[in-house]
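Scroll down for the structure; my scribbles are underneath it.
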Amino acid sequence: MVDYKELYDCLFQVSKQAGALALKLQNGIVNEGKQVETIIGEDLRHKAMREAKTKADEMVQELFLTALKEKYGTLLSLDVEEETELVKAFSNTSYDISFILDPIDGTLEYLEQKDSYSICSAIISQGDVKLAIVYFPAKDVLYGYCEEMPPKEYHRVMDMQPCMGEELCGKRQEHAPFTVYKNARLSEQYIEKLHEKGYIVLDDQEEERNCPQVLLECLYGRALACFCDTRNIRDILLGAILSKTMHGGAYDYSGNRLIWQSFGRQKEAVFSIYPKELLFPL
């Protein structure tokens with residue numbers, strides 16, 4: 001039996017340590033780069049985002065794995081960003097219980113000295129997100145969720161403990177907005193259906209936006225929904241937290257409750273705090 005509250009407390013504390021490390025390294029960080037396959041039609045900035053890599057990514061990942069290996073090394077399967085040394089300490093490949101980690105989500109923004117990067121971690125089991133933490137170190141704001149605990153928002157995180165924070169509630173506007181975000185893989189068929197409903201469909205990478213940024217727009221009711229097609233699970237953990245709020249939901253394209261993959265990419269995911277009848281059927 002996994003004590004998810006204990007795991008949440010552990011990951012909360014490691015997130016604080018990792019955030020402090022990322023902040024300390026940011027001013028002098030350099031782009032070490034990595035080889036990625038070219039995607040047809042991809043713009044240069046999106047490719048640069050995928051190519052970006054720093055020592056901070058590896059060091060933050062090792063902080064998390066060090067904290068987990070002794071007690072959970074044989075229990076957790078890993079879906080992590082980097083091939084660091086401690087990955088070998090986690091021998092379970094069943095993915096019954098998965099530890100998801102993006103040590104620096106938004107590495108390009110991190111390199112550009114922006115404050116929009118985040119540190120994202122989660123546990124997924126039996127098709128559901130059992131806990132998730134998304135920490136923005138430069139903003140000192142953390143969003144967290146643990147099973148049987150309402151989602152929380154923490155400010156001045158270094159002074160906080162996991163039991164603190166304010167309950168996170170999706171903030172619906174009086175009138176639902178018409179803006180819908182999507183990533184580049186969403187098909188023209190679905191985009192056309194959204195247009196037919198009268199919605200304004202925006203790409204989540206245009207105007208130097210990123211996925212967490214548009215998910216926050218959805219969380220605070222400034223956008224109707226975010227459609228994520230074949231997105232890396234590590235990129236959409238804020239959507240998982242959004243879905244656990246009072247009005248929040250995570251759906252597949254048919255409007256059914258989302259069944260989370262335990263690793264890799266999530267084929268279909270729609271996040272919204274507004275009534276799903278506004279979106280489905282497509």
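Every chain in the structure tokens takes a letter, A first, then B, and so on in the order presented; its residues are numbered from 1, and the ligands are numbered from 1 following the presented order.
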May I have all residues of segment 121-241 of chain A that DSSP, computed from the backbone, assigns to alpha helix (DSSP H), given as a PDB file with C-alpha atoms, in the first residue's frame?
ATOM      1  CA  GLU A 188      -7.569  20.004 -38.767  1.00  0.00           C
ATOM      2  CA  GLN A 189     -10.752  17.974 -38.360  1.00  0.00           C
ATOM      3  CA  TYR A 190     -11.009  18.822 -34.650  1.00  0.00           C
ATOM      4  CA  ILE A 191      -9.921  22.405 -35.202  1.00  0.00           C
ATOM      5  CA  GLU A 192     -12.698  22.863 -37.746  1.00  0.00           C
ATOM      6  CA  LYS A 193     -15.264  21.446 -35.316  1.00  0.00           C
ATOM      7  CA  LEU A 194     -14.158  23.962 -32.692  1.00  0.00           C
ATOM      8  CA  HIS A 195     -14.444  26.767 -35.235  1.00  0.00           C
ATOM      9  CA  GLU A 196     -17.977  25.572 -36.053  1.00  0.00           C
ATOM     10  CA  CYS A 211       1.838  24.651 -22.177  1.00  0.00           C
ATOM     11  CA  PRO A 212       1.814  25.489 -18.428  1.00  0.00           C
ATOM     12  CA  GLN A 213       1.012  29.105 -19.287  1.00  0.00           C
ATOM     13  CA  VAL A 214      -2.097  28.213 -21.287  1.00  0.00           C
ATOM     14  CA  LEU A 215      -3.189  25.689 -18.650  1.00  0.00           C
ATOM     15  CA  LEU A 216      -3.049  28.505 -16.102  1.00  0.00           C
ATOM     16  CA  GLU A 217      -5.222  30.558 -18.452  1.00  0.00           C
ATOM     17  CA  CYS A 218      -7.735  27.691 -18.295  1.00  0.00           C
ATOM     18  CA  LEU A 219      -7.409  27.316 -14.527  1.00  0.00           C
ATOM     19  CA  LEU A 237       0.790  17.793 -15.177  1.00  0.00           C
ATOM     20  CA  LEU A 238      -0.669  21.211 -14.403  1.00  0.00           C
ATOM     21  CA  GLY A 239      -3.735  20.010 -16.314  1.00  0.00           C
ATOM     22  CA  ALA A 240      -3.977  17.088 -13.922  1.00  0.00           C
ATOM     23  CA  ILE A 241      -4.045  19.493 -10.973  1.00  0.00           C
TER      24      ILE A 241
END
Which residues of segment 163-271 of chain A sit at most 8 Å from segment 82-105 of chain A, using only C-alpha atoms? Give each one's shortest atom pair and distance in Å (one decimal place), in chain and ascending residue order, as a Markdown table.
| residue | atom | partner | partner_atom | distance |
| --- | --- | --- | --- | --- |
| A:Ile233 | CA | A:Ile100 | CA | 7.8 |
| A:Arg234 | CA | A:Asp102 | CA | 5.6 |
| A:Asp235 | CA | A:Asp105 | CA | 7.0 |
| A:Ser262 | CA | A:Ser98 | CA | 6.0 |
| A:Phe263 | CA | A:Ser98 | CA | 7.1 |
Keeping only C-alpha atoms, write those residues as a tab-separated table (two decimals), in the first residue's frame.
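Final output, out_31.tsv:
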chain	number	residue	atom	x	y	z
A	233	ILE	CA	2.68	13.51	-19.92
A	234	ARG	CA	5.42	15.52	-18.21
A	235	ASP	CA	4.22	18.65	-20.04
A	262	SER	CA	1.48	5.62	-17.09
A	263	PHE	CA	4.36	6.89	-19.23
What's the separation between atom CA of Ser243 of chain A and atom CA of Ile123 of chain A, in Å to one decimal place? 15.1 Å
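Among the candidates A:Glu70, A:Glu208, A:Glu147, A:Glu268, the residue lying nearest to Cys226 of chain A is A:Glu268 (atoms considered: only C-alpha atoms).
Straight-line separation from atom CA of Pro281 of chain A to atom CA of Ser125 of chain A: 28.1 Å.
Computed from the coordinates, the atom CA of Asp115 of chain A to atom CA of Cys10 of chain A distance equals 24.4 Å.
Each of A:Thr107, A:Thr54, A:Gln266, A:Ser254 was compared to Arg185 of chain A using only C-alpha atoms, and A:Gln266 turns out to be the nearest.
The smallest atom-to-atom distance between Tyr4 of chain A and any of A:Leu131, A:Ile29, A:Leu65, A:Ala20, using only C-alpha atoms, is found for A:Leu131.
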Give me, as a VMD selection string, all polymer residues having an atom no more than 12 Å from Glu174 of chain A, counting only C-alpha atoms and skipping those fewer than 2 positions away in the same chain. chain A and resid 171 to 172 176 to 177 221 to 222 274
Give me, as a compact mmCIF listing (two decimals) with C-alpha atoms, in the first residue's frame, all polymer residues having an atom no more than 8 Å from Ala225 of chain A, counting only C-alpha atoms and skipping those fewer than 6 positions away in the same chain.
# COMPACT_ATOMS: atom_id res chain seq x y z
CA THR A 179 -10.74 31.03 -26.52
CA VAL A 180 -9.56 27.44 -26.88
CA TYR A 181 -5.88 26.45 -26.88
CA CYS A 218 -7.74 27.69 -18.29
CA VAL A 270 -8.84 18.11 -22.82
CA PHE A 271 -8.68 20.29 -19.70
CA SER A 272 -11.37 22.77 -18.66
CA ILE A 273 -13.11 24.20 -15.60
CA TYR A 274 -16.27 24.98 -17.58
Min atom-atom distance to Tyr117 of chain A from the set A:Lys276, A:Lys69, A:Arg257, A:Lys139, counting only C-alpha atoms, belongs to A:Lys139
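Secondary structure of segment 143-217 of chain A, strand (DSSP E) only (DSSP, backbone atoms): A:Tyr143, A:Gly144, A:Tyr145, A:Cys146, A:Met149, A:Pro150, A:Pro151, A:Lys152, A:Glu153, A:Tyr154, A:His155, A:Glu166, A:Glu167, A:Thr179, A:Val180, A:Tyr181, A:Lys182, A:Ile200, A:Val201, A:Leu202, A:Asp203.
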Which residue, A:Glu58, A:Ala132, A:Pro137, A:Tyr8, has the smallest gap to Ala22 of chain A when you use only C-alpha atoms? A:Pro137
Show which residues sit within 8 Å of Glu153 of chain A, as a list in words. Count only C-alpha atoms, and ignore same-chain residues fewer than 4 positions away. Val141, Leu142, Tyr143, Gly144, Gly165, Glu166, Glu167 and Leu168 of chain A
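Nearest-residue note for Leu23 of chain A: choosing from A:Lys130, A:Arg231, A:Lys197, A:Lys114, the minimum distance belongs to A:Lys114, counting only C-alpha atoms.
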